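What follows is one structure encoded as structure tokens, with my remarks underneath.
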2 protein chains.
Amino acid sequence: MADAKNILFIMFDQLRWDYLSCYGHPHLHTPHIDRLAEKGVRFTRAIIQSPICGSSRMSTYTGRYVHSHGASWNNIPLKVGELTMGDHLRRAGMDCWLVGKTHMMADAEGMERLGLERDSVIGARVAECGFDIFERDDGLAAEGTDGRYDPDGAKEYNKYLKDKGYGGENPWHDHANSGIGQDGSVLSGWFLKNSSEAANIAEYDSETPYMTRRGMAFIAAAKGPWCCHLSYIKPHWPYIVPAPYHDMYGPQHVPHANRSQQEYDNAHPVMRGFMDNPIGKTFSREETRNAVIPAYMGLIKQCDDQMGVLFNWLEKTGRMDDTMIVLTSDHGDFLGDHWMGEKTFFQDASVKVPMIIYDPSPKADVTRGTVCDALVECIDLAPTFVEVAGGEVPGHVLEGESLLPILHGQATETKRDFVICEYDYSASPLADKLGLNARDGVIFMVADKSHKLIHFEGGFRPMLFDLVSDPDELTDLGQSPDHQDIIAQMYDYLFRWARRNSQRTTRSEAQLMEMRRGSRKRGIIIGVYDQNDTPLEFTTFYRGGKAEDKRG
Amino acid sequence: MADAKNILFIMFDQLRWDYLSCYGHPHLHTPHIDRLAEKGVRFTRAIIQSPICGSSRMSTYTGRYVHSHGASWNNIPLKVGELTMGDHLRRAGMDCWLVGKTHMMADAEGMERLGLERDSVIGARVAECGFDIFERDDGLAAEGTDGRYDPDGAKEYNKYLKDKGYGGENPWHDHANSGIGQDGSVLSGWFLKNSSEAANIAEYDSETPYMTRRGMAFIAAAKGPWCCHLSYIKPHWPYIVPAPYHDMYGPQHVPHANRSQQEYDNAHPVMRGFMDNPIGKTFSREETRNAVIPAYMGLIKQCDDQMGVLFNWLEKTGRMDDTMIVLTSDHGDFLGDHWMGEKTFFQDASVKVPMIIYDPSPKADVTRGTVCDALVECIDLAPTFVEVAGGEVPGHVLEGESLLPILHGQATETKRDFVICEYDYSASPLADKLGLNARDGVIFMVADKSHKLIHFEGGFRPMLFDLVSDPDELTDLGQSPDHQDIIAQMYDYLFRWARRNSQRTTRSEAQLMEMRRGSRKRGIIIGVYDQNDTPLEFTTFYRGGKAEDKRG
């Protein structure tokens, strides 16, 4: 065992924090992930920076808040010029590769403006969020009457399936994400009632094992030091899983929905918008939950088994001894809690993610198997990785803080007083319904260990939860006269955060401190009445010479 | 007369708003600039976005606040990827050229990261803040024992002087910015006591007339449509001017310093830091003011005369009929007011600038010669120019608003409730003296027509001025118990501003609105239990097919 030479950065998509046995799930047993937690540190307050895939990932990959990088919704491109963990890691001498999903959308207009071509090394990295690509698979080969959602979705994987003999134009859909009826018809996994079907594919060929093998193929071939982002699409929808996982769980394993009638009746108008949209309504039905949640659990169980495959292989190959392993998600899934589906709101079911970090270094021996409830944000990963790579953390660009002090037992808390999460629904139909312009469909969450405030642009009142007395977040205290001081305190946090210096990224703090004491001996003399008022060395160029004039 | 085809964007450096006769100066007669005001609109509340050259200019050129573009002090580079008025204007079919100063510092590291070369067209524009360069002259060929402040400072101009026979290594200093003693010795303009000397140069060869001729040379050769940024270094220091301007004004023309003992005694600790630095102390001395201010006035008088030369030539050549002319500055100069020198604080002497806009279009006939007291920010120029160029104003990038509605008599106010100005002194010795880290040396000003609040990071109390009852800004109400409601209101403004969406620059508001109503027919189906719950057209790809399997 030695200091980590490499980083294996595993991300699942839409994996709720509490759907792992190490995080307390009563029915879902995930021994392989639990084993990682026993060897590392398990964080219980890891908060994503936006409750939607693309924006959350752009924050994690850039180490910056959504309001800093600007890619505030899926399909809003990350603007050219934004630095990513790949940029920082390569500078520190570590490669940074992708195997799987990023949800990155390139800033095509910005790239064209700067003459960057996608087929150049620099252009490819800009287009791919700073990663070098082993295999990109955003995991959704969706198709409709207006065409493909993502022309490159599951491209290599679909090729793999076709090579294996899976038929049709889109075996990603017809096999990996659909069941099969008795008459041979495709039972699409897009329709939630089909969630309890077995996906019509051999388990070995389904997405999670496939991507695990792709990850191992990368690692087997890689020269170090490397960071490998092994990024799974599952347990993200379509919610459907092959045998034997499809029937491991049933309605008897589905927890009661975390919701109350009072919560629905008194809901804040924006939250009510999410409750009352078709997704919220569907997930509020018990038949949906009973169909979807067992499949979701099966998908996670499969993920865990694949972690077993992967970790065993890492042990066998020696990589477990020189590789930091990080396991996390990009956001959770309401699954009917709070009368909502999907993730685009701010209760823990959505904004809290599992985060387990295993560091092989002997320095981490003191914390193995411990649990940490520090206020952690996913933007902390980038600076952690930079530090592992031996680089200096560029605090003028990265807005998180390295977790190494916690991993090495030198700290039990991060330095922050609060965490931030943001959601921009300006481009969604709900913003239309609420009559909001393109600037007002924005929500900020600020939370510490005791309270969570949700601020809405557009003139709405805030929401407030007391996380200590109401950990289920069922009682909105946003209008409580008794909580005005707390609300003011949380707004102070948000204001402090909003004023932060997020764009001064071309000079480090060390450079700024250097400027304070830097040379004043370059001839700029301000506010000096007489040359005798200032040291000779500052002004030597301006004294005593004779004027020359060769004119005429 | 027709709609403006071209834009002549004239900027002086460090020109105080009230040192022109059209703005009420009692002794300084500036008939040529006044004539422009008679033909256009004179704005009386034009506020710069930072009281220092570089940051103010980066805001004006990008049309964005300092906290948005990040170049928050001189010599903090504008990061690669930031869009400038040049980018927007060229897109609208208008060239954008520089003649004179920008104070741009290129983001060399960012350019290298993206493979951008300064000698390519794209790289040159990125390095030069989006301008194509006719002549760049930042105006300071300062030199000390540690070398040149700016290796390219006044490069072409120094060549010109040498060609004309002015001697020495640096005639910019020895002639244009110094007097000459009776013994032939150089009396450097860097030393304020020499300000009343005549600069040792023929007036024709001094910087302001030289740059005027360079501007005319550009315009004479230019094919339209063009925007020409004619950007003078003067009346910026060194405060020294050639005959006959050097003795046009004397101590009898120097206004009383706008300051009070009570103001000094009760000064906010940060303001006191600026008062007590060597610059503040020097400018608080009457001998300094009596030496400097007459020279400053002479420099402005020369600028005005050059405006006469320029405007006459524009009339003669027909350009006055098809060219919008904007005349403004990058900030003011305390000149001893409030016990300070230079500009790096927030009273009007520093943050308010003259702004005169002449629009040849008949649409502007209704406003000729009028005065406008709308809350204007210098970031309003970029969108104004884009509109003149016939482009669509990219409101997702530009944070100001076009002034054309005011110029055309369709509005008398801008839409904003307040103006913002920021100053980052993190890299200055004062921050050291106050024991501040590199994040806390930041100040925000927020003002409406009645109040101005100054907020300091680092735990200081705010300052407040009542602009109506105390237009001289001598009484700081930051601790007044009677003004806590006003202070809260101003903080609400600042908070609102701080939460603005400044980085979502890759999708326009129109595109976001389009996304609201955009196609849902690309096969992503979320929260649908049964295929019968959703229209056929959305799901046609997922119905009724037979699964194919050619394996084995």
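How things are named: the first chain in the structure tokens is A, the next is B, and so on; residues count from 1 in each chain; ligands count from 1 in the order shown.
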Please provide as a PyMOL selection string all residues within 10 Å of segment 34-37 of chain A, with the sequence filter that same-chain residues fewer than 2 positions apart are discarded (counting only C-alpha atoms).
-> chain A and resi 20-23+29-32+39-43+304+307-308+311+325-327+355-358+368-371
Pick out the residues sitting within 12 Å of Tyr264 of chain B, and hand them over as a PDB file with N, CA and C atoms, in the first residue's frame; count only C-alpha atoms, and ignore anything fewer than 3 positions along from it in its own chain.
```pdb
ATOM      1  N   ASN B 258     -13.222  69.251  -2.305  1.00  0.00           N
ATOM      2  CA  ASN B 258     -14.488  68.797  -1.739  1.00  0.00           C
ATOM      3  C   ASN B 258     -14.186  67.796  -0.631  1.00  0.00           C
ATOM      4  N   ARG B 259     -14.046  68.324   0.569  1.00  0.00           N
ATOM      5  CA  ARG B 259     -13.686  67.468   1.702  1.00  0.00           C
ATOM      6  C   ARG B 259     -13.999  68.199   2.999  1.00  0.00           C
ATOM      7  N   SER B 260     -14.022  67.464   4.087  1.00  0.00           N
ATOM      8  CA  SER B 260     -14.250  68.104   5.391  1.00  0.00           C
ATOM      9  C   SER B 260     -13.424  67.378   6.453  1.00  0.00           C
ATOM     10  N   GLN B 261     -13.139  68.105   7.502  1.00  0.00           N
ATOM     11  CA  GLN B 261     -12.357  67.508   8.591  1.00  0.00           C
ATOM     12  C   GLN B 261     -13.128  66.358   9.232  1.00  0.00           C
ATOM     13  N   ALA B 267     -13.680  58.703   9.163  1.00  0.00           N
ATOM     14  CA  ALA B 267     -13.670  57.888   7.940  1.00  0.00           C
ATOM     15  C   ALA B 267     -13.714  56.391   8.230  1.00  0.00           C
ATOM     16  N   HIS B 268     -14.456  55.709   7.419  1.00  0.00           N
ATOM     17  CA  HIS B 268     -14.477  54.252   7.406  1.00  0.00           C
ATOM     18  C   HIS B 268     -13.037  53.741   7.279  1.00  0.00           C
ATOM     19  N   PRO B 269     -12.695  52.655   7.981  1.00  0.00           N
ATOM     20  CA  PRO B 269     -11.285  52.223   7.995  1.00  0.00           C
ATOM     21  C   PRO B 269     -10.692  51.937   6.613  1.00  0.00           C
ATOM     22  N   VAL B 270     -11.492  51.457   5.694  1.00  0.00           N
ATOM     23  CA  VAL B 270     -10.923  51.180   4.370  1.00  0.00           C
ATOM     24  C   VAL B 270     -10.704  52.491   3.621  1.00  0.00           C
ATOM     25  N   MET B 271     -11.689  53.380   3.677  1.00  0.00           N
ATOM     26  CA  MET B 271     -11.517  54.691   3.044  1.00  0.00           C
ATOM     27  C   MET B 271     -10.327  55.419   3.681  1.00  0.00           C
ATOM     28  N   ARG B 272     -10.225  55.298   4.981  1.00  0.00           N
ATOM     29  CA  ARG B 272      -9.103  55.929   5.665  1.00  0.00           C
ATOM     30  C   ARG B 272      -7.774  55.386   5.150  1.00  0.00           C
ATOM     31  N   GLY B 273      -7.768  54.103   4.802  1.00  0.00           N
ATOM     32  CA  GLY B 273      -6.563  53.523   4.211  1.00  0.00           C
ATOM     33  C   GLY B 273      -6.182  54.226   2.918  1.00  0.00           C
ATOM     34  N   PHE B 274      -7.182  54.550   2.099  1.00  0.00           N
ATOM     35  CA  PHE B 274      -6.890  55.264   0.845  1.00  0.00           C
ATOM     36  C   PHE B 274      -6.477  56.709   1.127  1.00  0.00           C
ATOM     37  N   MET B 275      -7.118  57.318   2.135  1.00  0.00           N
ATOM     38  CA  MET B 275      -6.744  58.692   2.497  1.00  0.00           C
ATOM     39  C   MET B 275      -5.300  58.757   2.991  1.00  0.00           C
ATOM     40  N   ASP B 276      -4.930  57.754   3.771  1.00  0.00           N
ATOM     41  CA  ASP B 276      -3.637  57.806   4.455  1.00  0.00           C
ATOM     42  C   ASP B 276      -2.501  57.178   3.664  1.00  0.00           C
ATOM     43  N   GLY B 280      -2.977  59.657  -1.232  1.00  0.00           N
ATOM     44  CA  GLY B 280      -3.967  60.493  -0.551  1.00  0.00           C
ATOM     45  C   GLY B 280      -3.308  61.651   0.178  1.00  0.00           C
ATOM     46  N   LYS B 281      -2.232  61.346   0.841  1.00  0.00           N
ATOM     47  CA  LYS B 281      -1.548  62.399   1.608  1.00  0.00           C
ATOM     48  C   LYS B 281      -1.006  63.489   0.696  1.00  0.00           C
ATOM     49  N   SER B 284      -3.711  65.640  -0.673  1.00  0.00           N
ATOM     50  CA  SER B 284      -4.378  66.464   0.333  1.00  0.00           C
ATOM     51  C   SER B 284      -3.626  67.767   0.557  1.00  0.00           C
ATOM     52  N   ASP B 337     -10.003  65.685  -3.555  1.00  0.00           N
ATOM     53  CA  ASP B 337     -11.343  65.626  -2.967  1.00  0.00           C
ATOM     54  C   ASP B 337     -11.410  64.414  -2.036  1.00  0.00           C
ATOM     55  N   HIS B 338     -12.145  64.589  -0.954  1.00  0.00           N
ATOM     56  CA  HIS B 338     -12.292  63.499   0.020  1.00  0.00           C
ATOM     57  C   HIS B 338     -10.944  63.003   0.534  1.00  0.00           C
ATOM     58  N   TRP B 339      -9.939  63.861   0.497  1.00  0.00           N
ATOM     59  CA  TRP B 339      -8.604  63.532   1.025  1.00  0.00           C
ATOM     60  C   TRP B 339      -7.933  62.398   0.251  1.00  0.00           C
ATOM     61  N   MET B 340      -8.336  62.258  -1.002  1.00  0.00           N
ATOM     62  CA  MET B 340      -7.750  61.168  -1.793  1.00  0.00           C
ATOM     63  C   MET B 340      -7.197  61.682  -3.117  1.00  0.00           C
ATOM     64  N   LEU B 474     -20.252  63.943   1.668  1.00  0.00           N
ATOM     65  CA  LEU B 474     -19.339  64.234   2.779  1.00  0.00           C
ATOM     66  C   LEU B 474     -19.752  63.553   4.081  1.00  0.00           C
ATOM     67  N   THR B 475     -21.009  63.119   4.164  1.00  0.00           N
ATOM     68  CA  THR B 475     -21.496  62.553   5.417  1.00  0.00           C
ATOM     69  C   THR B 475     -21.852  61.081   5.237  1.00  0.00           C
ATOM     70  N   ASP B 476     -21.053  60.248   5.833  1.00  0.00           N
ATOM     71  CA  ASP B 476     -21.249  58.795   5.748  1.00  0.00           C
ATOM     72  C   ASP B 476     -22.302  58.371   6.765  1.00  0.00           C
TER      73      ASP B 476
END
```
Can you tell me, as a list of chain:residue names, what residues are no more than 8 Å from segment 52-60 of chain A when counting only C-alpha atoms, ignoring any on the same chain fewer than 3 positions away?
-> A:Asp13, A:Ile48, A:Gln49, A:Gly63, A:Arg64, A:Tyr65, A:Val66, A:His69, A:Ala71, A:Ser72, A:Trp73, A:Asn74, A:Asn75, A:Leu78, A:Thr102, A:His103, A:Met104, A:Cys129, A:Asp330, A:His331, A:Lys343, A:Thr344, A:Cys378, A:Ile379, A:Asp380, A:Leu381, A:Ala382, A:Tyr423
Deliver the residues from the most recent selection as a file, using N, CA and C atoms, as a short mmCIF file (atom, residue, chain, number, x, y, z; two decimals), in the first residue's frame.
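The new file part19.cif reads:
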```cif
data_model
loop_
_atom_site.label_atom_id
_atom_site.label_comp_id
_atom_site.auth_asym_id
_atom_site.auth_seq_id
_atom_site.Cartn_x
_atom_site.Cartn_y
_atom_site.Cartn_z
N ASP A 13 -25.61 6.94 -12.09
CA ASP A 13 -26.51 8.03 -12.45
C ASP A 13 -27.85 7.80 -11.77
N ILE A 48 -24.94 17.39 -4.11
CA ILE A 48 -24.64 17.76 -5.49
C ILE A 48 -24.95 19.25 -5.69
N GLN A 49 -24.42 19.81 -6.77
CA GLN A 49 -24.58 21.25 -6.98
C GLN A 49 -25.78 21.61 -7.86
N GLY A 63 -15.38 21.49 -10.83
CA GLY A 63 -15.12 21.89 -9.44
C GLY A 63 -15.68 23.26 -9.13
N ARG A 64 -16.74 23.64 -9.83
CA ARG A 64 -17.30 24.99 -9.70
C ARG A 64 -18.83 24.94 -9.63
N TYR A 65 -19.38 25.94 -8.94
CA TYR A 65 -20.82 26.02 -8.82
C TYR A 65 -21.46 26.29 -10.20
N VAL A 66 -22.73 25.96 -10.29
CA VAL A 66 -23.45 26.16 -11.55
C VAL A 66 -23.44 27.64 -11.94
N HIS A 69 -20.06 28.27 -13.66
CA HIS A 69 -19.74 27.74 -15.00
C HIS A 69 -20.86 27.97 -15.99
N ALA A 71 -23.47 26.30 -17.10
CA ALA A 71 -24.21 25.23 -17.82
C ALA A 71 -25.33 24.76 -16.91
N SER A 72 -26.38 25.56 -16.84
CA SER A 72 -27.35 25.42 -15.77
C SER A 72 -28.52 24.48 -16.06
N TRP A 73 -28.50 23.83 -17.18
CA TRP A 73 -29.52 22.82 -17.48
C TRP A 73 -28.94 21.85 -18.49
N ASN A 74 -29.55 20.68 -18.60
CA ASN A 74 -29.14 19.77 -19.66
C ASN A 74 -29.24 20.50 -21.00
N ASN A 75 -28.24 20.29 -21.82
CA ASN A 75 -28.21 20.87 -23.17
C ASN A 75 -27.96 22.37 -23.21
N LEU A 78 -21.42 23.84 -21.87
CA LEU A 78 -20.38 24.38 -21.00
C LEU A 78 -19.51 25.28 -21.86
N THR A 102 -20.92 11.52 -19.52
CA THR A 102 -20.64 12.85 -18.93
C THR A 102 -21.83 13.80 -19.03
N HIS A 103 -22.67 13.61 -20.05
CA HIS A 103 -23.74 14.57 -20.36
C HIS A 103 -23.18 15.93 -20.80
N MET A 104 -21.93 15.94 -21.22
CA MET A 104 -21.31 17.18 -21.72
C MET A 104 -21.93 17.56 -23.05
N CYS A 129 -15.39 18.06 -22.22
CA CYS A 129 -15.33 18.45 -20.81
C CYS A 129 -13.98 18.07 -20.19
N ASP A 330 -24.70 11.35 -9.47
CA ASP A 330 -24.87 12.74 -9.89
C ASP A 330 -26.11 13.39 -9.28
N HIS A 331 -26.99 12.59 -8.69
CA HIS A 331 -28.19 13.08 -7.99
C HIS A 331 -29.02 11.87 -7.63
N LYS A 343 -35.88 14.21 -10.17
CA LYS A 343 -34.91 14.73 -9.19
C LYS A 343 -34.89 16.24 -9.07
N THR A 344 -35.61 16.92 -9.90
CA THR A 344 -35.40 18.35 -10.04
C THR A 344 -36.00 19.19 -8.91
N CYS A 378 -20.07 18.09 -4.08
CA CYS A 378 -19.41 17.28 -5.11
C CYS A 378 -18.27 18.04 -5.79
N ILE A 379 -18.29 19.36 -5.71
CA ILE A 379 -17.17 20.13 -6.25
C ILE A 379 -15.90 19.91 -5.42
N ASP A 380 -16.00 19.20 -4.31
CA ASP A 380 -14.79 18.89 -3.53
C ASP A 380 -13.94 17.81 -4.18
N LEU A 381 -14.53 17.06 -5.09
CA LEU A 381 -13.76 15.97 -5.68
C LEU A 381 -12.61 16.48 -6.54
N ALA A 382 -12.86 17.49 -7.37
CA ALA A 382 -11.79 17.98 -8.26
C ALA A 382 -10.55 18.40 -7.46
N TYR A 423 -30.92 25.14 -9.16
CA TYR A 423 -31.64 24.55 -10.29
C TYR A 423 -32.24 25.66 -11.15
#
```
Write down, as JSON, numbers by chain, each residue of chain A that has any atom within 6 Å of an atom of chain B, counting only C-alpha atoms.
-> {"A": [70, 77, 80, 81, 142, 143, 144, 145, 146, 147, 148, 149, 165, 166, 167, 168, 184, 185, 186, 188, 190, 191, 192, 193, 279, 282, 427, 428, 429, 438, 495, 498, 499, 503, 504, 506, 509, 512, 513, 515, 516, 521, 522, 523, 524, 525, 527, 528, 529, 530, 541, 542, 544, 545, 546, 547, 548, 549, 550, 551]}
Can those selected residues be exported to a file as a PDB file, in the first residue's frame so that it contains C-alpha atoms?
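New file again13.pdb:
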```pdb
ATOM      1  CA  GLY A  70     -23.140  28.622 -16.416  1.00  0.00           C
ATOM      2  CA  PRO A  77     -23.343  23.932 -23.314  1.00  0.00           C
ATOM      3  CA  VAL A  80     -15.390  27.371 -24.011  1.00  0.00           C
ATOM      4  CA  GLY A  81     -12.677  28.523 -21.629  1.00  0.00           C
ATOM      5  CA  ALA A 142     -33.796   7.462 -27.407  1.00  0.00           C
ATOM      6  CA  GLU A 143     -35.650   8.009 -30.626  1.00  0.00           C
ATOM      7  CA  GLY A 144     -38.915   9.631 -31.587  1.00  0.00           C
ATOM      8  CA  THR A 145     -40.769  10.998 -34.574  1.00  0.00           C
ATOM      9  CA  ASP A 146     -38.451  14.033 -34.575  1.00  0.00           C
ATOM     10  CA  GLY A 147     -35.348  11.852 -34.548  1.00  0.00           C
ATOM     11  CA  ARG A 148     -32.706  10.840 -32.069  1.00  0.00           C
ATOM     12  CA  TYR A 149     -32.396  12.612 -28.704  1.00  0.00           C
ATOM     13  CA  GLY A 165     -26.506 -10.771 -32.657  1.00  0.00           C
ATOM     14  CA  TYR A 166     -29.089  -8.617 -30.907  1.00  0.00           C
ATOM     15  CA  GLY A 167     -31.392  -7.508 -33.652  1.00  0.00           C
ATOM     16  CA  GLY A 168     -33.199  -4.411 -34.769  1.00  0.00           C
ATOM     17  CA  GLY A 184     -42.412 -11.697 -28.949  1.00  0.00           C
ATOM     18  CA  SER A 185     -43.394  -8.042 -28.908  1.00  0.00           C
ATOM     19  CA  VAL A 186     -41.095  -5.422 -27.406  1.00  0.00           C
ATOM     20  CA  SER A 188     -40.577  -0.879 -23.844  1.00  0.00           C
ATOM     21  CA  TRP A 190     -39.866   3.622 -21.242  1.00  0.00           C
ATOM     22  CA  PHE A 191     -43.312   2.642 -19.970  1.00  0.00           C
ATOM     23  CA  LEU A 192     -43.148   2.225 -16.239  1.00  0.00           C
ATOM     24  CA  LYS A 193     -45.647  -0.599 -16.112  1.00  0.00           C
ATOM     25  CA  ILE A 279     -44.095  12.896 -13.679  1.00  0.00           C
ATOM     26  CA  THR A 282     -47.437   9.229 -12.099  1.00  0.00           C
ATOM     27  CA  ALA A 427     -36.232  26.374 -20.158  1.00  0.00           C
ATOM     28  CA  SER A 428     -38.895  24.023 -18.821  1.00  0.00           C
ATOM     29  CA  PRO A 429     -42.641  24.015 -19.465  1.00  0.00           C
ATOM     30  CA  ALA A 438     -36.010  33.278 -18.832  1.00  0.00           C
ATOM     31  CA  PHE A 495     -25.772  36.466  -0.066  1.00  0.00           C
ATOM     32  CA  ALA A 498     -23.502  35.066  -4.252  1.00  0.00           C
ATOM     33  CA  ARG A 499     -20.839  37.756  -3.751  1.00  0.00           C
ATOM     34  CA  GLN A 503     -14.483  34.586 -12.222  1.00  0.00           C
ATOM     35  CA  ARG A 504     -11.076  35.913 -11.180  1.00  0.00           C
ATOM     36  CA  THR A 506      -6.480  34.104 -14.372  1.00  0.00           C
ATOM     37  CA  GLU A 509      -4.264  33.908  -4.739  1.00  0.00           C
ATOM     38  CA  LEU A 512      -2.241  38.287  -5.909  1.00  0.00           C
ATOM     39  CA  MET A 513      -0.319  38.184  -2.619  1.00  0.00           C
ATOM     40  CA  MET A 515       1.486  41.505  -6.439  1.00  0.00           C
ATOM     41  CA  ARG A 516       0.992  43.181  -3.060  1.00  0.00           C
ATOM     42  CA  LYS A 521      10.478  49.577  -9.532  1.00  0.00           C
ATOM     43  CA  ARG A 522       9.099  49.654 -13.028  1.00  0.00           C
ATOM     44  CA  GLY A 523       8.840  53.361 -13.146  1.00  0.00           C
ATOM     45  CA  ILE A 524       5.200  54.039 -12.311  1.00  0.00           C
ATOM     46  CA  ILE A 525       5.334  56.832  -9.747  1.00  0.00           C
ATOM     47  CA  GLY A 527       1.322  60.733  -5.970  1.00  0.00           C
ATOM     48  CA  VAL A 528       4.915  61.822  -5.479  1.00  0.00           C
ATOM     49  CA  TYR A 529       5.315  65.564  -5.316  1.00  0.00           C
ATOM     50  CA  ASP A 530       9.082  65.775  -5.319  1.00  0.00           C
ATOM     51  CA  PHE A 541      15.417  56.796 -14.483  1.00  0.00           C
ATOM     52  CA  TYR A 542      13.784  60.147 -14.054  1.00  0.00           C
ATOM     53  CA  GLY A 544      19.199  64.420 -13.653  1.00  0.00           C
ATOM     54  CA  GLY A 545      19.358  63.470 -17.331  1.00  0.00           C
ATOM     55  CA  LYS A 546      19.695  66.125 -19.958  1.00  0.00           C
ATOM     56  CA  ALA A 547      16.984  66.443 -22.558  1.00  0.00           C
ATOM     57  CA  GLU A 548      18.123  65.650 -26.058  1.00  0.00           C
ATOM     58  CA  ASP A 549      16.534  67.241 -29.039  1.00  0.00           C
ATOM     59  CA  LYS A 550      17.905  66.628 -32.472  1.00  0.00           C
ATOM     60  CA  ARG A 551      15.142  68.356 -34.343  1.00  0.00           C
TER      61      ARG A 551
END
```
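Of the listed residues (A:Ala257, A:Val397, A:Cys227, A:Val353), A:Ala257 comes nearest to Asp472 of chain A; the distances count only C-alpha atoms.
Around Ile443 of chain B, within 6 Å and counting only C-alpha atoms, the residues found are Glu422, Tyr423, His455 and Phe456 of chain B, once anything fewer than 5 positions away on its own chain is removed.
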Can you check which residues of segment 167-376 of chain B DSSP gives as strand (DSSP E) on the backbone and send them as a count of residues only?
-> 34
Using only C-alpha atoms, determine which residues lie at most 12 Å from Val419 of chain B, disregarding the query and same-chain residues fewer than 2 positions distant; provide the list as an MDAnalysis selection string.
-> chainID B and resid 45:50 65 351:352 374:380 399:400 414:417 421:422 444:454 490 493:494 496:497
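Distances from A:Met85, A:Ile133, A:Leu15, A:Ala411 to Pro235 of chain A were compared using only C-alpha atoms, and the smallest one belongs to A:Leu15.
Atom CA of Pro51 of chain B lies 14.3 Å from atom CA of Gly441 of chain B.
The space between atom CA of Thr44 of chain A and atom CA of Val241 of chain A spans 27.7 Å.
Across the structure, atom CA of Gln479 of chain A and atom CA of Asn266 of chain A are spaced 10.7 Å apart.
Nearest-residue note for His236 of chain A: choosing from A:Ser361, A:Ser196, A:Asn177, A:Asn170, the minimum distance belongs to A:Asn177, counting only C-alpha atoms.
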